[in-house]
$ cat data.csv   # CSV, C-alpha atoms
chain,number,residue,atom,x,y,z
A,18,MET,CA,-39.8,54.3,-2.5
A,19,SER,CA,-41.5,57.1,-4.3
A,20,VAL,CA,-43.0,60.2,-2.7
A,21,SER,CA,-46.5,59.0,-3.5
A,22,ASP,CA,-45.9,55.6,-1.9
A,23,ALA,CA,-44.6,57.3,1.2
A,24,ALA,CA,-47.6,59.6,1.3
A,25,SER,CA,-50.0,56.7,1.0
A,26,LEU,CA,-48.3,54.7,3.8
A,27,GLN,CA,-48.4,57.9,5.9
A,28,SER,CA,-52.1,58.2,5.4
A,29,LEU,CA,-52.8,54.5,5.9
A,30,TYR,CA,-50.6,53.9,9.0
A,31,GLY,CA,-49.6,57.4,10.4
A,32,ALA,CA,-52.6,57.9,12.7
A,33,ARG,CA,-52.7,54.3,13.9
A,34,LEU,CA,-49.0,54.2,14.7
A,35,ALA,CA,-49.3,57.5,16.6
A,36,ALA,CA,-52.3,56.0,18.6
A,37,LEU,CA,-50.2,52.9,19.2
A,38,LEU,CA,-47.3,55.0,20.6
A,39,ALA,CA,-49.6,57.1,22.7
A,40,ALA,CA,-51.3,54.0,24.2
A,41,LEU,CA,-47.9,52.6,25.1
A,42,GLU,CA,-46.8,55.9,26.7
A,43,ARG,CA,-49.9,56.1,28.9
A,44,GLY,CA,-49.7,52.4,29.8
A,45,ASP,CA,-53.1,51.6,28.2
A,46,ASP,CA,-52.5,47.9,27.4
A,47,ALA,CA,-56.0,47.3,26.0
A,48,ALA,CA,-55.9,50.2,23.6
A,49,PHE,CA,-52.3,49.3,22.6
A,50,LEU,CA,-53.2,45.7,21.7
A,51,ALA,CA,-56.5,46.6,20.0
A,52,THR,CA,-54.6,49.1,17.7
A,53,LEU,CA,-51.8,46.6,17.1
A,54,ASP,CA,-54.4,44.0,15.9
A,55,GLU,CA,-55.9,46.6,13.7
A,56,VAL,CA,-52.5,47.4,12.1
A,57,LEU,CA,-51.8,43.6,11.6
A,58,ASN,CA,-55.2,43.0,10.1
A,59,MET,CA,-54.5,45.7,7.5
A,60,ARG,CA,-51.4,43.8,6.3
A,61,ARG,CA,-52.9,40.3,6.3
A,62,PRO,CA,-54.5,40.4,2.8
A,63,GLU,CA,-51.2,41.7,1.3
A,64,LEU,CA,-49.2,39.0,3.0
A,65,PHE,CA,-51.6,36.3,1.7
A,66,GLY,CA,-51.4,37.8,-1.8
A,67,GLU,CA,-47.6,37.6,-1.7
A,68,LEU,CA,-47.6,34.1,-0.4
A,69,ARG,CA,-49.9,33.1,-3.2
A,70,ASP,CA,-47.6,34.7,-5.8
A,71,VAL,CA,-44.6,32.9,-4.3
A,72,THR,CA,-46.5,29.5,-4.5
A,73,VAL,CA,-47.6,30.1,-8.1
A,74,ASN,CA,-44.0,31.0,-9.1
A,75,LEU,CA,-42.7,27.9,-7.3
A,76,LYS,CA,-45.1,25.7,-9.1
A,77,VAL,CA,-44.2,27.2,-12.5
A,78,ALA,CA,-40.5,26.8,-11.7
A,79,LEU,CA,-41.1,23.1,-10.8
A,80,ASP,CA,-43.2,22.5,-13.9
A,81,ARG,CA,-40.4,24.1,-16.0
A,82,PHE,CA,-37.8,22.0,-14.3
A,83,ARG,CA,-39.9,18.8,-15.0
A,84,LEU,CA,-40.3,19.8,-18.7
A,85,ASP,CA,-36.6,20.8,-19.0
A,86,ALA,CA,-35.6,17.4,-17.6
A,87,ARG,CA,-37.9,15.7,-20.1
A,88,LEU,CA,-36.5,17.8,-22.9
A,89,ALA,CA,-33.0,16.8,-21.8
A,90,ASP,CA,-34.1,13.1,-22.0
A,91,PHE,CA,-35.3,13.7,-25.6
A,92,ALA,CA,-32.1,15.4,-26.6
A,93,GLU,CA,-29.7,12.9,-25.0
A,94,LYS,CA,-31.5,9.6,-25.5
A,95,GLU,CA,-34.7,9.5,-27.3
A,96,MET,CA,-33.9,11.6,-30.4
A,97,PRO,CA,-30.7,9.7,-31.2
A,98,ASP,CA,-32.7,6.5,-30.7
A,99,ALA,CA,-35.4,7.8,-33.1
A,100,ARG,CA,-32.7,8.6,-35.6
A,101,GLN,CA,-31.3,5.1,-35.3
A,102,ARG,CA,-34.8,3.6,-35.6
A,103,LEU,CA,-35.5,5.6,-38.8
A,104,ALA,CA,-32.2,4.6,-40.3
A,105,HIS,CA,-33.1,1.0,-39.5
A,106,VAL,CA,-36.4,1.5,-41.4
A,107,ILE,CA,-34.5,2.7,-44.4
A,108,LYS,CA,-32.2,-0.3,-44.2
A,109,MET,CA,-35.2,-2.7,-44.0
A,110,THR,CA,-37.1,-1.2,-46.9
A,111,ASP,CA,-33.9,-1.1,-48.9
A,112,GLU,CA,-33.3,-4.8,-48.2
A,113,ALA,CA,-36.9,-5.7,-49.0
A,114,ALA,CA,-36.8,-3.8,-52.2
A,115,HIS,CA,-33.6,-5.6,-53.3
A,116,ARG,CA,-34.9,-9.0,-52.2
A,117,THR,CA,-38.1,-8.4,-54.3
A,118,LEU,CA,-36.1,-7.3,-57.3
A,119,ASP,CA,-33.7,-10.3,-56.9
A,120,LEU,CA,-36.7,-12.7,-56.9
A,121,VAL,CA,-38.3,-11.1,-59.9
A,122,GLU,CA,-35.1,-11.3,-61.8
A,123,GLN,CA,-34.5,-14.9,-60.7
A,124,SER,CA,-38.0,-15.9,-61.9
A,125,GLY,CA,-37.6,-14.4,-65.4
A,126,PRO,CA,-35.2,-17.1,-66.9
A,127,PRO,CA,-37.2,-20.2,-65.8
A,128,ALA,CA,-40.4,-18.6,-67.1
A,129,GLU,CA,-38.7,-17.7,-70.3
A,130,ARG,CA,-37.1,-21.2,-70.7
A,131,THR,CA,-40.4,-23.0,-70.2
A,132,SER,CA,-42.2,-20.7,-72.6
A,133,ARG,CA,-39.6,-21.1,-75.3
A,134,ALA,CA,-39.4,-24.9,-74.9
A,135,ALA,CA,-43.2,-25.2,-75.0
A,136,ALA,CA,-43.5,-23.0,-78.1
A,137,SER,CA,-40.9,-25.1,-79.9
A,138,LEU,CA,-42.6,-28.4,-79.0
A,139,THR,CA,-46.0,-27.0,-80.1
A,140,THR,CA,-45.1,-27.2,-83.8
A,141,ALA,CA,-44.0,-30.8,-83.7
A,142,TRP,CA,-46.9,-31.7,-81.4
A,143,LYS,CA,-49.5,-30.2,-83.9
A,144,ARG,CA,-47.9,-32.3,-86.8
A,145,PHE,CA,-48.1,-35.4,-84.6
A,146,ARG,CA,-51.8,-34.7,-83.8
A,147,MET,CA,-52.5,-34.2,-87.5
A,148,ARG,CA,-50.7,-37.6,-88.2
A,149,GLN,CA,-48.2,-35.8,-90.4
A,150,ILE,CA,-45.1,-37.0,-88.4
A,151,GLU,CA,-42.6,-39.6,-89.4
A,152,THR,CA,-41.3,-42.3,-87.1
A,153,ARG,CA,-37.9,-40.8,-86.7
A,154,GLU,CA,-39.4,-37.4,-86.0
A,155,PHE,CA,-41.9,-39.0,-83.5
A,156,HIS,CA,-39.0,-40.6,-81.6
A,157,GLU,CA,-37.3,-37.2,-81.5
A,158,LEU,CA,-40.5,-35.6,-80.2
A,159,LEU,CA,-40.8,-38.2,-77.4
A,160,LYS,CA,-37.2,-37.5,-76.4
A,161,ARG,CA,-37.8,-33.7,-76.3
A,162,MET,CA,-41.1,-34.3,-74.3
A,163,ASP,CA,-39.1,-36.5,-71.8
A,164,ALA,CA,-36.7,-33.6,-71.3
A,165,PHE,CA,-39.3,-30.9,-71.3
A,166,LEU,CA,-41.8,-32.3,-68.7
A,167,PRO,CA,-39.4,-32.6,-65.7
A,168,ALA,CA,-37.6,-29.3,-66.7
A,169,ALA,CA,-41.0,-27.4,-66.8
A,170,HIS,CA,-41.9,-29.0,-63.5
A,171,ALA,CA,-38.6,-27.9,-61.9
A,172,ASP,CA,-38.9,-24.4,-63.4
A,173,ALA,CA,-42.5,-23.9,-62.3
A,174,ASP,CA,-41.5,-25.1,-58.8
A,175,ALA,CA,-38.7,-22.6,-58.7
A,176,ILE,CA,-41.0,-19.8,-59.8
A,177,ARG,CA,-43.6,-20.9,-57.2
A,178,ARG,CA,-40.9,-20.8,-54.5
A,179,ASN,CA,-39.8,-17.3,-55.6
A,180,LEU,CA,-43.4,-16.1,-55.4
A,181,SER,CA,-43.7,-17.5,-51.8
A,182,GLU,CA,-40.4,-15.7,-50.9
A,183,LEU,CA,-41.7,-12.5,-52.6
A,184,LEU,CA,-44.8,-12.7,-50.4
A,185,LEU,CA,-42.7,-13.0,-47.3
A,186,ALA,CA,-40.4,-10.2,-48.3
A,187,GLN,CA,-43.4,-7.8,-47.9
A,188,GLY,CA,-43.4,-8.5,-44.2
A,189,TYR,CA,-41.0,-5.6,-43.8
A,190,GLN,CA,-44.1,-3.3,-43.9
A,191,ASP,CA,-45.4,-4.6,-40.6
A,192,LEU,CA,-42.0,-4.3,-38.9
A,193,THR,CA,-41.2,-0.8,-40.2
A,194,GLY,CA,-44.7,0.3,-39.5
A,195,GLN,CA,-44.3,-0.7,-35.8
A,196,ILE,CA,-41.0,1.3,-35.6
A,197,LEU,CA,-42.5,4.3,-37.3
A,198,ARG,CA,-45.5,4.3,-34.9
A,199,GLY,CA,-43.0,4.4,-32.0
A,200,VAL,CA,-41.3,7.5,-33.6
A,201,ILE,CA,-44.7,9.1,-34.2
A,202,ALA,CA,-45.5,8.7,-30.5
A,203,LEU,CA,-42.2,10.3,-29.5
A,204,VAL,CA,-42.7,13.2,-31.8
A,205,HIS,CA,-46.2,13.6,-30.4
A,206,GLU,CA,-44.9,13.7,-26.8
A,207,LEU,CA,-42.2,16.2,-27.8
A,208,GLU,CA,-44.8,18.4,-29.3
A,209,SER,CA,-46.8,18.3,-26.0
A,210,VAL,CA,-43.8,19.2,-24.0
A,211,LEU,CA,-42.9,22.1,-26.3
A,212,ILE,CA,-46.5,23.4,-26.1
A,213,GLU,CA,-46.5,23.2,-22.3
A,214,LEU,CA,-43.2,25.0,-22.1
A,215,THR,CA,-44.5,27.8,-24.4
A,216,ARG,CA,-47.6,28.0,-22.2
A,217,LEU,CA,-45.5,28.4,-19.0
A,218,SER,CA,-43.5,31.1,-20.7
A,219,GLY,CA,-46.7,33.0,-20.9
A,220,ALA,CA,-47.4,32.9,-24.6
A,221,ASP,CA,-51.1,32.8,-25.5
A,222,LEU,CA,-51.6,29.2,-26.8
A,223,ALA,CA,-54.4,26.7,-26.6
A,224,PRO,CA,-54.3,24.5,-23.5
A,225,SER,CA,-51.8,21.8,-23.9
A,226,ARG,CA,-52.7,18.2,-24.5
A,227,ALA,CA,-51.6,15.3,-22.2
A,228,PRO,CA,-48.4,13.7,-23.5
A,229,GLY,CA,-49.2,10.8,-25.8
A,230,ALA,CA,-49.3,7.4,-24.2
A,231,ARG,CA,-46.1,5.4,-25.0
A,232,ALA,CA,-46.6,1.9,-26.3
A,233,THR,CA,-47.0,-0.5,-23.5
A,234,HIS,CA,-48.2,-3.4,-25.6
A,235,GLY,CA,-44.8,-4.9,-26.4
A,236,GLU,CA,-41.8,-3.0,-27.7
A,237,GLY,CA,-41.9,-3.7,-31.4
A,238,PRO,CA,-39.1,-5.1,-33.6
A,239,VAL,CA,-35.5,-5.3,-32.4
A,240,VAL,CA,-33.5,-2.3,-33.5
A,241,PRO,CA,-29.8,-3.0,-33.4
A,242,GLY,CA,-28.1,-0.5,-31.0
A,243,VAL,CA,-31.4,0.6,-29.5
A,244,THR,CA,-33.1,-2.5,-28.0
A,245,GLN,CA,-31.8,-3.2,-24.5
A,246,GLY,CA,-31.6,-6.6,-22.8
A,247,GLU,CA,-31.2,-10.2,-23.9
A,248,VAL,CA,-32.7,-10.7,-27.3
A,249,ALA,CA,-33.2,-13.8,-29.4
A,250,ALA,CA,-30.9,-13.6,-32.4
A,251,GLY,CA,-33.2,-15.8,-34.5
A,252,GLN,CA,-35.8,-18.6,-34.5
A,253,GLN,CA,-33.2,-21.1,-33.3
A,254,ASP,CA,-32.7,-19.1,-30.1
A,255,VAL,CA,-36.5,-19.0,-29.5
A,256,ASP,CA,-36.8,-22.8,-30.1
A,257,ALA,CA,-33.9,-23.5,-27.8
A,258,LEU,CA,-35.4,-21.4,-25.1
A,259,LEU,CA,-38.9,-22.9,-25.4
A,260,SER,CA,-37.7,-26.5,-25.7
A,261,GLY,CA,-36.2,-26.1,-22.3
A,262,LEU,CA,-39.8,-25.4,-21.1
A,263,GLY,CA,-41.2,-28.4,-23.0
A,264,ILE,CA,-42.9,-26.2,-25.7
B,182,MET,CA,-55.3,-32.7,-38.3
B,183,SER,CA,-58.0,-31.9,-40.9
B,184,LYS,CA,-57.3,-29.3,-43.5
B,185,ASP,CA,-60.8,-27.9,-42.7
B,186,ILE,CA,-59.6,-26.5,-39.4
B,187,LYS,CA,-60.5,-22.8,-39.1
B,188,PHE,CA,-57.7,-20.4,-38.4
B,189,LEU,CA,-58.0,-16.9,-36.8
B,190,VAL,CA,-55.1,-14.6,-37.8
B,191,VAL,CA,-54.8,-11.6,-35.6
B,192,ASP,CA,-52.4,-8.8,-36.6
B,193,ASP,CA,-52.9,-5.0,-36.9
B,194,PHE,CA,-51.1,-4.9,-40.2
B,195,SER,CA,-53.2,-6.0,-43.1
B,196,THR,CA,-50.1,-6.9,-45.2
B,197,MET,CA,-49.0,-9.3,-42.5
B,198,ARG,CA,-52.5,-10.9,-42.3
B,199,ARG,CA,-52.4,-11.3,-46.0
B,200,ILE,CA,-49.0,-12.9,-46.0
B,201,ILE,CA,-50.0,-15.4,-43.2
B,202,LYS,CA,-53.3,-16.2,-45.0
B,203,ASN,CA,-51.4,-16.9,-48.3
B,204,LEU,CA,-49.0,-19.2,-46.5
B,205,LEU,CA,-51.8,-21.0,-44.8
B,206,HIS,CA,-53.4,-21.5,-48.3
B,207,ASP,CA,-50.1,-22.9,-49.6
B,208,LEU,CA,-50.2,-25.4,-46.7
B,209,GLY,CA,-53.7,-26.4,-47.7
B,210,TYR,CA,-55.6,-24.5,-45.1
B,211,HIS,CA,-58.3,-22.4,-46.8
B,212,ASN,CA,-60.6,-21.7,-43.8
B,213,VAL,CA,-59.1,-18.5,-42.4
B,214,VAL,CA,-60.7,-15.5,-40.7
B,215,GLU,CA,-58.9,-12.3,-39.6
B,216,ALA,CA,-59.0,-9.7,-36.9
B,217,ASP,CA,-56.8,-6.6,-36.3
B,218,ASP,CA,-56.4,-6.8,-32.5
B,219,GLY,CA,-57.4,-8.8,-29.5
B,220,SER,CA,-60.7,-7.0,-28.9
B,221,SER,CA,-62.0,-7.7,-32.3
B,222,ALA,CA,-60.6,-11.3,-32.2
B,223,LEU,CA,-62.5,-12.2,-29.0
B,224,PRO,CA,-66.1,-12.2,-30.4
B,225,LEU,CA,-64.8,-14.4,-33.3
B,226,LEU,CA,-63.2,-16.8,-30.8
B,227,GLN,CA,-66.3,-16.9,-28.7
B,228,GLN,CA,-68.4,-18.2,-31.7
B,229,GLY,CA,-66.6,-21.5,-30.9
B,230,ASP,CA,-65.5,-22.8,-34.3
B,231,ILE,CA,-61.9,-21.5,-34.4
B,232,GLY,CA,-59.4,-24.4,-34.4
B,233,CYS,CA,-56.2,-22.5,-34.2
B,234,LEU,CA,-55.2,-18.9,-33.2
B,235,ILE,CA,-52.2,-17.2,-34.8
B,236,THR,CA,-51.6,-13.8,-33.1
B,237,ASP,CA,-49.2,-10.9,-33.2
B,238,TRP,CA,-48.1,-9.4,-29.8
B,239,ASN,CA,-47.7,-5.7,-30.4
B,240,MET,CA,-51.1,-4.3,-31.4
B,241,PRO,CA,-53.1,-1.2,-30.5
B,242,GLY,CA,-56.1,-2.0,-28.4
B,243,MET,CA,-55.8,-5.5,-26.8
B,244,CYS,CA,-52.4,-6.9,-27.4
B,245,GLY,CA,-51.6,-10.5,-28.2
B,246,LEU,CA,-50.4,-11.4,-24.8
B,247,ASP,CA,-53.6,-10.2,-23.2
B,248,LEU,CA,-55.6,-12.1,-25.8
B,249,LEU,CA,-53.6,-15.2,-25.0
B,250,LYS,CA,-54.3,-14.8,-21.2
B,251,THR,CA,-58.0,-14.2,-21.9
B,252,VAL,CA,-58.2,-17.3,-24.1
B,253,ARG,CA,-56.5,-19.4,-21.4
B,254,GLY,CA,-58.8,-18.0,-18.7
B,255,ASP,CA,-61.9,-18.9,-20.7
B,256,ALA,CA,-63.0,-22.5,-19.9
B,257,LYS,CA,-64.4,-23.0,-23.5
B,258,LEU,CA,-61.2,-21.7,-25.2
B,259,ALA,CA,-58.5,-22.8,-22.7
B,260,LYS,CA,-57.2,-25.7,-24.8
B,261,LEU,CA,-57.2,-23.7,-28.2
B,262,PRO,CA,-53.8,-24.1,-29.9
B,263,VAL,CA,-52.2,-20.6,-30.0
B,264,LEU,CA,-49.2,-19.6,-32.1
B,265,MET,CA,-47.6,-16.2,-31.3
B,266,LEU,CA,-46.1,-14.7,-34.5
B,267,THR,CA,-44.3,-11.5,-33.4
B,268,ALA,CA,-41.4,-9.2,-33.7
B,269,GLU,CA,-41.0,-9.2,-29.9
B,270,ALA,CA,-37.7,-11.1,-29.4
B,271,LYS,CA,-36.6,-10.4,-25.9
B,272,ARG,CA,-35.9,-13.5,-23.8
B,273,GLU,CA,-38.1,-12.2,-21.0
B,274,GLN,CA,-41.0,-11.7,-23.4
B,275,ILE,CA,-40.7,-15.2,-24.8
B,276,LEU,CA,-40.7,-16.6,-21.3
B,277,GLU,CA,-43.7,-14.4,-20.4
B,278,ALA,CA,-45.6,-15.8,-23.4
B,279,ALA,CA,-44.6,-19.4,-22.4
B,280,GLN,CA,-45.9,-18.8,-18.9
B,281,ALA,CA,-49.2,-17.5,-20.3
B,282,GLY,CA,-49.6,-20.8,-22.1
B,283,VAL,CA,-48.5,-20.2,-25.7
B,284,ASN,CA,-48.1,-23.4,-27.8
B,285,GLY,CA,-45.6,-22.0,-30.3
B,286,TYR,CA,-43.6,-18.8,-30.8
B,287,VAL,CA,-42.3,-17.6,-34.1
B,288,ILE,CA,-40.3,-14.3,-34.5
B,289,LYS,CA,-40.6,-12.0,-37.4
B,290,PRO,CA,-39.2,-11.9,-40.0
B,291,PHE,CA,-40.0,-15.6,-40.5
B,292,THR,CA,-39.8,-18.2,-43.2
B,293,ALA,CA,-42.6,-20.3,-44.7
B,294,GLU,CA,-40.8,-23.4,-43.5
B,295,THR,CA,-40.7,-22.2,-39.9
B,296,LEU,CA,-44.5,-21.4,-39.9
B,297,LYS,CA,-45.2,-24.8,-41.4
B,298,GLU,CA,-43.0,-26.6,-38.9
B,299,LYS,CA,-44.5,-24.9,-35.9
B,300,LEU,CA,-48.1,-25.3,-37.1
B,301,GLU,CA,-47.6,-29.0,-37.7
B,302,LYS,CA,-46.1,-29.3,-34.2
B,303,ILE,CA,-48.9,-27.5,-32.3
B,304,LEU,CA,-51.7,-29.0,-34.4
B,305,ALA,CA,-50.4,-32.5,-33.8
B,306,GLY,CA,-50.7,-31.9,-30.1
B,307,ALA,CA,-54.1,-30.2,-30.3
B,308,PRO,CA,-57.3,-31.9,-29.1
B,309,SER,CA,-59.3,-33.0,-32.2
$ encode --input "data.csv" --output "structure tokens"
Amino acid sequence: MSVSDAASLQSLYGARLAALLAALERGDDAAFLATLDEVLNMRRPELFGELRDVTVNLKVALDRFRLDARLADFAEKEMPDARQRLAHVIKMTDEAAHRTLDLVEQSGPPAERTSRAAASLTTAWKRFRMRQIETREFHELLKRMDAFLPAAHADADAIRRNLSELLLAQGYQDLTGQILRGVIALVHELESVLIELTRLSGADLAPSRAPGARATHGEGPVVPGVTQGEVAAGQQDVDALLSGLGI
Amino acid sequence: MSKDIKFLVVDDFSTMRRIIKNLLHDLGYHNVVEADDGSSALPLLQQGDIGCLITDWNMPGMCGLDLLKTVRGDAKLAKLPVLMLTAEAKREQILEAAQAGVNGYVIKPFTAETLKEKLEKILAGAPS
């Protein structure tokens, strides 16, 4: 305690404590109790102030504890999960890109074959239409037409099937989009926790936002190694499960 | 079932709606309308001319399961054939959809053949 603190205490309490002692010595109970009340009342605001400080500090400590626990969750579980989810997105986009390229490559040869066969038939067909064709050549043309029509039909069907598959291969965008939205929500929540921690540390920041609401409307696509619980491995599992219920 | 039946396709991803719409066209169904979540689907359903609902589950706003429950709870829509087409593949979720009254459940990624098969099945049992 400094000299000035002692002097200020002396001036505040010295006279009252002397009066308290004097009242005790002369056995004046009323004066003693009145002076004691006076001394206690002088301390009351300070006591309340200290109590308020302790409460605020306790609240900050509890908030920090809550946020530290949330951060530990992020570090231990959710960040590794997010990494796995992002890796899965890369895998799905990679597979979709390859599937698309495969289908484009597979569609080239039948298109090319049909085009070449049609072009080669066109010359003979024109001569036939202009009645410049001989009987032997006409029979030859009929044979080539017999071969061309079913082949063109089969090639066009194959291309049509590939186009359908190509269309379906674009479905990855929906699935990866759902996974990415989940990771965005996680990053948003992490951001809120970090802002709040900084605020509790006393740095001058804008008021924190509420943590982002996590998706409650379903969980999104199955991510191997992340999704918990019993999961249907494919449409056959779904069909088996539902047929048991008469659906 | 007539090919004039009107489909409502509900999915928050426009690419997926486009894929489903194209597959429906391939199957001969050309009357298709779209919505991007349950809330925007409901007014379309309440117009009363939708013959089949194909919905995703996981969507912002009203999810597919809530849409299904709302449909089943509405006297005018209660018998509407509903196909859930979703990435949600947990056993408990499939059972939850079944309890809510779904007519068919297809998990993504899916094939054109699966969609065709499930549609034929639920439309064959639908009131005409």
$ residues_around --input "data.csv" --residues "Leu223 of chain B" --least-positions-apart "5" --cutoff "12 Å" --atoms "all atoms listed in the file" --output "MDAnalysis selection string"
chainID B and resid 189:191 215:218 228:229 231 234 236 243:245 247:252 255 258
$ write_last_selection --input "data.csv" --atoms "C-alpha atoms" --output "short mmCIF file (atom, residue, chain, number, x, y, z; two decimals), keeping the file's coordinate frame"
data_model
loop_
_atom_site.label_atom_id
_atom_site.label_comp_id
_atom_site.auth_asym_id
_atom_site.auth_seq_id
_atom_site.Cartn_x
_atom_site.Cartn_y
_atom_site.Cartn_z
CA LEU B 189 -58.00 -16.90 -36.80
CA VAL B 190 -55.10 -14.60 -37.80
CA VAL B 191 -54.80 -11.60 -35.60
CA GLU B 215 -58.90 -12.30 -39.60
CA ALA B 216 -59.00 -9.70 -36.90
CA ASP B 217 -56.80 -6.60 -36.30
CA ASP B 218 -56.40 -6.80 -32.50
CA GLN B 228 -68.40 -18.20 -31.70
CA GLY B 229 -66.60 -21.50 -30.90
CA ILE B 231 -61.90 -21.50 -34.40
CA LEU B 234 -55.20 -18.90 -33.20
CA THR B 236 -51.60 -13.80 -33.10
CA MET B 243 -55.80 -5.50 -26.80
CA CYS B 244 -52.40 -6.90 -27.40
CA GLY B 245 -51.60 -10.50 -28.20
CA ASP B 247 -53.60 -10.20 -23.20
CA LEU B 248 -55.60 -12.10 -25.80
CA LEU B 249 -53.60 -15.20 -25.00
CA LYS B 250 -54.30 -14.80 -21.20
CA THR B 251 -58.00 -14.20 -21.90
CA VAL B 252 -58.20 -17.30 -24.10
CA ASP B 255 -61.90 -18.90 -20.70
CA LEU B 258 -61.20 -21.70 -25.20
#
$ interface_residues --input "data.csv" --of "chain A" --to "chain B" --cutoff "10 Å" --atoms "all atoms listed in the file" --output "VMD selection string"
chain A and resid 178 181 to 192 194 to 195 232 to 239 244 to 256 258 to 259 262 to 264
$ atom_distance --input "data.csv" --atom1 "atom CA of Phe82 of chain A" --atom2 "atom CA of Ser218 of chain A"
12.5 Å
$ closest_residue --input "data.csv" --among "A:Gln123, A:Thr52, A:Thr110, A:Ser260" --to "Asn179 of chain A" --atoms "only C-alpha atoms"
A:Gln123
$ closest_residue --input "data.csv" --among "A:Met59, A:Asp174, A:Ala47, A:Ala78" --to "Tyr30 of chain A" --atoms "only C-alpha atoms"
A:Met59
$ closest_residue --input "data.csv" --among "A:Val204, A:Leu38, A:Ala171, A:Ala257" --to "Phe91 of chain A" --atoms "all atoms listed in the file"
A:Val204
$ atom_distance --input "data.csv" --atom1 "atom CA of Ile176 of chain A" --atom2 "atom CA of Met109 of chain A"
24.0 Å
$ atom_distance --input "data.csv" --atom1 "atom CA of Leu197 of chain A" --atom2 "atom CA of Glu213 of chain A"
24.5 Å
$ closest_residue --input "data.csv" --among "B:Ala281, B:Met265, B:Cys233, B:Leu225" --to "Leu205 of chain B" --atoms "all atoms listed in the file"
B:Cys233
$ closest_residue --input "data.csv" --among "B:Lys202, B:Ser183, B:Ile235, B:Gly209" --to "Leu264 of chain B" --atoms "all atoms listed in the file"
B:Ile235
$ residues_around --input "data.csv" --residues "Ala36 of chain A" --least-positions-apart "3" --cutoff "8 Å" --atoms "all atoms listed in the file" --output "MDAnalysis selection string"
chainID A and resid 32:33 39:40 49 52
